[in-house]
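Following: one structure in structure tokens, then a few remarks.
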Amino acid sequence: MPPSLLTPAVRTEALNLTSGELPCYVHDLTALHSHAAAVREALPSSVELYYAAKANPEPEILAALAPWTDGFEVSSGGELGHVRAVLPGRPLAFSGPGKTPGELAAALDAGVERVHAESLHEVRMLVALAGRSHAPGRPPVRVLLRIDPPVPEGLLTGSALTMGGRPTPFGMGIEEAAEALRLLTGEGCEGLEAVGAHAHLASGLDADALLRVAEAIVHAAGELFRGHGTALREVAVGGGMAVDYTRPAERFDWAAYGAGLAALARRNPDVRLRIEPGRALTAYSGWYVTDVLDVKRSHGEDVAVVRGGTHHLRTPAAKGHDQPAEVVPVEAWPHPWPRPEARAGRVTVVGQLCTPKDVLARGLEAPGLRAGDRVVFALAGAYAWNISHRDFLMHPPPGFRFPGRTGTGSPGGR
Ligand SMILES: *Cc1c(COP(=O)(O)O)cnc(C)c1O
């Protein structure tokens with residue numbers, strides 16, 4: 001029998017929650033603590049660990065990670081304000097394409113430690129805004145230029161998501177970055193300091209591939225800064241450590257990655273290296289717990305309908321996988337009507353939405369699954385609830401206007 005996907009605390013919650021309390025996200029903070037501690041332990045002490053807040057910005061998660069991390073990577077003004085409020089005083093790095101003048105001004109006002117500039121235009125805005133808001137005596141904001149450096153052929157093709165090596169909104173080519181660096185080190189840049197480069201090129205790579213990516217980033221950053229005669233002091237090499245949803249017991253090889261980073265740091269003794277994982281830190285300590293409402297036979301297969309669905313747990317729909325899950329049987333059946341039950345060993349588990357896309361897992365091994373049994377979806381601690389709703393990334397929600405509507409109505413629909 002394969003090892004359980006559930007921790008004892010999660011199994012207890014799954015049994016104790018009443019059906020009225022389902023669906024429910026359960027985050028095992030003890031499991032998160034020990035995982036984050038193990039990740040930190042595997043990394044050389046000279047390498048900084050930031051958590052990419054967009055993977056899961058729940059305040060309890062951020063607080064649990066705080067002892068093991070050096071800071072947080074935020075990708076919007078919303079995330080920046082949120083993490084500042086939850087954990088005042090923790091170092092922040094502000095990334096993300098399409099930063100608005102308002103977001104940049106607010107970040108400078110909030111005393112953000114680092115900005116990852118995505119384009120020459122952003123650097124121009126930063127220079128103008130920092131000149132206006134710079135208070136003498138305040139430490140300068142450290143600027144890292146996000147670059148899209150050349151990487152060895154084929155390196156990024158095995159990843160789940162690619163942010164570099166093709167036309168994207170992310171980062172700058174080396175020539176544009178060189179111009180940004182000239183601008184940042186020229187006249188009129190009070191309050192800003194160009195300290196290095198940032199890149200986040202792919203998500204879902206193994207340790208070996210990610211190390212080769214890190215080497216390519218450090219190499220390109222070195223050439224960029226050397227070419228300009230500026231000291232390279234920091235390189236953030238991104239996140240993207242693989243989470244294998246098809247083999248939920250597997251873990252990214254943090255030991256190999258840490259050893260490789262240590263070697264890279266030794267070859268670049270004047271450069272502070274930083275990583276910023278999201279998914280691989282928090283995916284494993286979150287579960288989506290629900291119960292079976294109906295089991296039916298459709299075209300020769302068993303289909304189980306659970307309470308909730310992909311509007312709560314969008315991950316399998318977004319990534320096109322089967323979310324790993326485990327059944328926690330419930331013996332009691334309090335109703336006078338017969339209890340639906342699966343006939344075959346494998347069941348397709350769907351949610352309550354009226355769309356054929358609301359599939360959480362196909363072919364789940366669940367012989368005899370009955371209505372009322374609990375189904376617990378694992379690896380639901382990252383990019384799960386927060387990508388399922390408009391709160392993903394904490395950008396402001398859209399407004400609603402109805403030109404031509406007569407009478408008054410509240411704008412915004414909020
Ligand atoms: C999303 C993101 C990360 C984290 O990526 P994971 O795949 O969750 O590790 C890191 N850095 C940047 C800039 C990001 O946008």
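Residues are referred to by chain and number: the chain letter is A, B, ... according to the order shown in the structure tokens, the number counts from 1 in that chain, and ligands are numbered separately from 1 in the order shown.
Every protein or nucleic acid residue with an atom no more than 8 Å from region 223-229 of chain A, counting only C-alpha atoms and leaving out same-chain residues fewer than 6 positions away, appears here: Ile174, Ala177, Ala178, Leu181, Arg182 and Gly196 of chain A.
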Practice task
Using only C-alpha atoms and all ligand atoms, find each residue with an atom at most 6 Å away from ligand 1 and format the answer as a PyMOL selection string.
Solution key: chain A and resi 52+55+95+200+203+238-241+276-280
Include N, CA and C atoms and write out the residues we just selected as a compact mmCIF listing (two decimals), in the first residue's frame.
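Dumped to part.txt:
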# COMPACT_ATOMS: atom_id res chain seq x y z
N ALA A 52 7.89 33.27 -2.39
CA ALA A 52 7.06 33.97 -3.38
C ALA A 52 5.62 33.95 -2.87
N ALA A 55 2.17 32.23 -4.22
CA ALA A 55 1.81 30.80 -4.16
C ALA A 55 0.72 30.56 -3.13
N SER A 95 8.42 42.32 -7.44
CA SER A 95 8.57 41.89 -8.84
C SER A 95 7.26 42.07 -9.58
N HIS A 200 13.58 34.72 -13.27
CA HIS A 200 12.72 33.58 -12.88
C HIS A 200 12.23 33.04 -14.21
N SER A 203 9.09 27.22 -14.31
CA SER A 203 8.53 26.57 -13.14
C SER A 203 8.42 25.08 -13.42
N GLY A 238 15.43 33.10 -8.84
CA GLY A 238 14.04 32.72 -9.05
C GLY A 238 13.59 31.51 -8.24
N GLY A 239 12.37 31.09 -8.56
CA GLY A 239 11.79 29.90 -7.93
C GLY A 239 11.63 28.82 -8.99
N GLY A 240 10.52 28.11 -8.94
CA GLY A 240 10.23 27.14 -9.98
C GLY A 240 10.62 25.70 -9.67
N MET A 241 10.96 25.43 -8.38
CA MET A 241 11.32 24.06 -8.01
C MET A 241 10.11 23.14 -8.23
N GLU A 276 13.76 32.14 -4.63
CA GLU A 276 12.42 32.59 -4.24
C GLU A 276 11.36 31.55 -4.64
N PRO A 277 11.39 30.39 -3.98
CA PRO A 277 10.38 29.37 -4.29
C PRO A 277 9.01 29.75 -3.76
N GLY A 278 7.99 29.28 -4.44
CA GLY A 278 6.62 29.43 -3.95
C GLY A 278 6.02 28.05 -3.77
N ARG A 279 5.66 27.44 -4.92
CA ARG A 279 4.94 26.15 -4.91
C ARG A 279 5.62 25.09 -4.05
N ALA A 280 6.94 24.91 -4.24
CA ALA A 280 7.62 23.80 -3.57
C ALA A 280 7.74 24.01 -2.07
Problem - Within 7 Å of region 156-172 of chain A using only C-alpha atoms, minus same-chain residues under 5 positions, as a list in words - result: Pro97, Glu118, Ser119, Arg146, Ile147, Asp148, Pro150, Ala177, His200, Leu201, Ala202, Ser203, Gly204 and Leu205 of chain A
Deliver the residues from the most recent selection as a file, using all heavy atoms, as an mmCIF file, in the first residue's frame.
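See result_15.cif below for the written result:
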data_model
loop_
_atom_site.group_PDB
_atom_site.id
_atom_site.type_symbol
_atom_site.label_atom_id
_atom_site.label_comp_id
_atom_site.auth_asym_id
_atom_site.auth_seq_id
_atom_site.Cartn_x
_atom_site.Cartn_y
_atom_site.Cartn_z
ATOM 1 N N PRO A 97 5.400 41.999 -13.843
ATOM 2 C CA PRO A 97 5.252 42.888 -14.991
ATOM 3 C C PRO A 97 4.102 43.874 -14.794
ATOM 4 O O PRO A 97 3.178 43.609 -14.033
ATOM 5 C CB PRO A 97 4.946 41.932 -16.140
ATOM 6 C CG PRO A 97 4.332 40.742 -15.492
ATOM 7 C CD PRO A 97 4.920 40.634 -14.119
ATOM 8 N N GLU A 118 11.282 45.160 -14.322
ATOM 9 C CA GLU A 118 10.978 44.250 -15.433
ATOM 10 C C GLU A 118 11.290 44.839 -16.801
ATOM 11 O O GLU A 118 11.327 44.109 -17.785
ATOM 12 C CB GLU A 118 9.488 43.876 -15.407
ATOM 13 C CG GLU A 118 9.025 43.197 -14.132
ATOM 14 C CD GLU A 118 9.163 41.677 -14.179
ATOM 15 O OE1 GLU A 118 9.469 41.141 -15.252
ATOM 16 O OE2 GLU A 118 8.976 41.051 -13.124
ATOM 17 N N SER A 119 11.455 46.180 -16.879
ATOM 18 C CA SER A 119 11.669 46.797 -18.193
ATOM 19 C C SER A 119 12.372 48.144 -18.020
ATOM 20 O O SER A 119 12.437 48.683 -16.907
ATOM 21 C CB SER A 119 10.326 47.018 -18.903
ATOM 22 O OG SER A 119 9.595 48.025 -18.219
ATOM 23 N N ARG A 146 15.522 42.627 -13.823
ATOM 24 C CA ARG A 146 15.101 41.283 -14.239
ATOM 25 C C ARG A 146 15.537 41.049 -15.663
ATOM 26 O O ARG A 146 15.206 41.824 -16.573
ATOM 27 C CB ARG A 146 13.587 41.121 -14.117
ATOM 28 C CG ARG A 146 13.141 39.715 -14.507
ATOM 29 C CD ARG A 146 11.774 39.398 -14.012
ATOM 30 N NE ARG A 146 11.350 38.055 -14.370
ATOM 31 C CZ ARG A 146 10.169 37.555 -14.048
ATOM 32 N NH1 ARG A 146 9.302 38.290 -13.375
ATOM 33 N NH2 ARG A 146 9.839 36.328 -14.383
ATOM 34 N N ILE A 147 16.299 39.989 -15.857
ATOM 35 C CA ILE A 147 16.849 39.708 -17.177
ATOM 36 C C ILE A 147 16.278 38.394 -17.712
ATOM 37 O O ILE A 147 15.757 37.570 -16.967
ATOM 38 C CB ILE A 147 18.402 39.653 -17.152
ATOM 39 C CG1 ILE A 147 18.888 38.641 -16.099
ATOM 40 C CG2 ILE A 147 18.982 41.031 -16.883
ATOM 41 C CD1 ILE A 147 20.399 38.402 -16.132
ATOM 42 N N ASP A 148 16.393 38.267 -19.010
ATOM 43 C CA ASP A 148 15.954 37.054 -19.712
ATOM 44 C C ASP A 148 17.184 36.553 -20.461
ATOM 45 O O ASP A 148 17.311 36.768 -21.659
ATOM 46 C CB ASP A 148 14.804 37.432 -20.669
ATOM 47 C CG ASP A 148 14.283 36.234 -21.439
ATOM 48 O OD1 ASP A 148 14.668 35.101 -21.123
ATOM 49 O OD2 ASP A 148 13.488 36.450 -22.370
ATOM 50 N N PRO A 150 20.319 34.269 -22.097
ATOM 51 C CA PRO A 150 20.375 33.031 -22.882
ATOM 52 C C PRO A 150 20.662 31.849 -21.960
ATOM 53 O O PRO A 150 21.467 31.958 -21.037
ATOM 54 C CB PRO A 150 21.532 33.274 -23.851
ATOM 55 C CG PRO A 150 22.302 34.433 -23.312
ATOM 56 C CD PRO A 150 21.412 35.193 -22.398
ATOM 57 N N ALA A 177 18.774 45.733 -20.658
ATOM 58 C CA ALA A 177 19.249 45.754 -19.274
ATOM 59 C C ALA A 177 20.482 46.643 -19.145
ATOM 60 O O ALA A 177 20.648 47.363 -18.151
ATOM 61 C CB ALA A 177 19.553 44.339 -18.800
ATOM 62 N N HIS A 200 13.578 34.718 -13.267
ATOM 63 C CA HIS A 200 12.723 33.579 -12.883
ATOM 64 C C HIS A 200 12.232 33.040 -14.210
ATOM 65 O O HIS A 200 11.347 33.609 -14.829
ATOM 66 C CB HIS A 200 11.580 34.077 -11.994
ATOM 67 C CG HIS A 200 10.535 33.043 -11.721
ATOM 68 N ND1 HIS A 200 10.781 31.898 -10.989
ATOM 69 C CD2 HIS A 200 9.234 32.964 -12.078
ATOM 70 C CE1 HIS A 200 9.663 31.178 -10.913
ATOM 71 N NE2 HIS A 200 8.719 31.795 -11.565
ATOM 72 N N LEU A 201 12.889 31.986 -14.668
ATOM 73 C CA LEU A 201 12.732 31.601 -16.071
ATOM 74 C C LEU A 201 11.768 30.461 -16.313
ATOM 75 O O LEU A 201 11.225 30.332 -17.407
ATOM 76 C CB LEU A 201 14.106 31.227 -16.663
ATOM 77 C CG LEU A 201 15.148 32.343 -16.671
ATOM 78 C CD1 LEU A 201 16.437 31.855 -17.306
ATOM 79 C CD2 LEU A 201 14.636 33.570 -17.403
ATOM 80 N N ALA A 202 11.562 29.626 -15.302
ATOM 81 C CA ALA A 202 10.709 28.461 -15.544
ATOM 82 C C ALA A 202 10.211 27.901 -14.234
ATOM 83 O O ALA A 202 10.815 28.107 -13.190
ATOM 84 C CB ALA A 202 11.486 27.389 -16.295
ATOM 85 N N SER A 203 9.094 27.216 -14.313
ATOM 86 C CA SER A 203 8.529 26.569 -13.138
ATOM 87 C C SER A 203 8.422 25.078 -13.417
ATOM 88 O O SER A 203 8.056 24.678 -14.515
ATOM 89 C CB SER A 203 7.151 27.171 -12.862
ATOM 90 O OG SER A 203 6.611 26.624 -11.701
ATOM 91 N N GLY A 204 8.775 24.270 -12.452
ATOM 92 C CA GLY A 204 8.627 22.829 -12.606
ATOM 93 C C GLY A 204 9.891 22.123 -13.046
ATOM 94 O O GLY A 204 9.832 21.048 -13.641
ATOM 95 N N LEU A 205 11.047 22.705 -12.749
ATOM 96 C CA LEU A 205 12.307 22.060 -13.133
ATOM 97 C C LEU A 205 12.882 21.267 -11.958
ATOM 98 O O LEU A 205 12.645 21.584 -10.790
ATOM 99 C CB LEU A 205 13.328 23.116 -13.563
ATOM 100 C CG LEU A 205 13.016 23.883 -14.858
ATOM 101 C CD1 LEU A 205 14.136 24.873 -15.156
ATOM 102 C CD2 LEU A 205 12.813 22.939 -16.039
#
Handout entry: Which of region 188-298 of chain A DSSP labels strand (DSSP E or B), written as a VMD selection string
Key = chain A and resid 192 to 198 202 to 203 205 234 to 236 241 272 to 275 286 to 298
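Using only C-alpha atoms for every distance, the candidate list A:Ala130, A:Leu144, A:Ala214, A:Leu379 yields A:Leu379 as the residue closest to His27 (chain A).
Each of A:Pro3, A:Gly131, A:Pro44, A:Pro91 was checked against Glu250 (chain A) using only C-alpha atoms; the smallest atom-to-atom distance is that of A:Pro3.
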Contact residues around Pro23 (chain A) with only C-alpha atoms at 8 Å, ignoring same-chain residues under 5 positions, as a PDB file with C-alpha atoms, in the first residue's frame:
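And here's part_0.pdb as it stands now:
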ATOM      1  CA  TYR A 288      -8.841  20.412   0.339  1.00  0.00           C
ATOM      2  CA  VAL A 289     -11.265  18.309   2.357  1.00  0.00           C
ATOM      3  CA  THR A 290     -14.725  17.558   1.104  1.00  0.00           C
ATOM      4  CA  ASP A 291     -17.385  14.834   1.004  1.00  0.00           C
ATOM      5  CA  ARG A 307     -19.194  19.154  -2.502  1.00  0.00           C
ATOM      6  CA  GLY A 308     -17.309  22.149  -3.974  1.00  0.00           C
TER       7      GLY A 308
END
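Across A:Ala265, A:Leu364, A:Asp253, A:His389, the tightest approach to Leu313 (chain A) is made by A:His389 when counting only C-alpha atoms.
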Fill in the blank from the handout: Residue with the minimum atom-to-atom distance to Ala382 (chain A), picked from A:Phe72, A:Tyr284, A:Phe94, A:Trp254 with only C-alpha atoms counted, is A:Tyr284
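Shortest atom-to-atom contact with Ala36 (chain A) among A:Ala216, A:Leu281, A:Leu369, A:Leu80: A:Leu281, counting only C-alpha atoms.
Neighbouring residues of Ala31 (chain A) at 12 Å or closer, counting only C-alpha atoms and skipping chain neighbours under 5 positions away, are Leu6, Thr7, Pro8, Ala9, Val10, Val26, Ala36, Ala37, Ala38, Ile61, Ala64, Leu65, Leu281, Thr282, Ala283, Tyr284, Ser285, Gly286, Trp287 and Gly381 of chain A.
Across the model, the gap from CA of Ala197 (chain A) to CA of Ala263 (chain A) is 19.1 Å.
Here the question is which of A:Glu79, A:Lys54, A:Leu32, A:Thr100 gets nearest to Pro67 (chain A) using only C-alpha atoms, and that residue is A:Leu32.
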Problem - Residues within 6 Å of Val349 (chain A), only C-alpha atoms, excluding chain neighbours under 4 positions, as a PyMOL selection string - result: chain A and resi 303-304+360-361
Keeping only C-alpha atoms, write the selected residues to a file as a short mmCIF file (atom, residue, chain, number, x, y, z; two decimals), in the first residue's frame.
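Wrote it out as part05.cif, contents follow:
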data_model
loop_
_atom_site.label_atom_id
_atom_site.label_comp_id
_atom_site.auth_asym_id
_atom_site.auth_seq_id
_atom_site.Cartn_x
_atom_site.Cartn_y
_atom_site.Cartn_z
CA VAL A 303 -18.50 9.31 -11.37
CA ALA A 304 -18.47 10.78 -7.86
CA LEU A 360 -10.77 17.23 -9.85
CA ALA A 361 -9.34 13.77 -10.53
#
Handout entry: Per-residue DSSP, region 151-342 of chain A, filtered to helix (DSSP H, G or I), as a VMD selection string
Key = chain A and resid 174 to 184 207 to 228 254 to 267 279 to 285 315 to 319
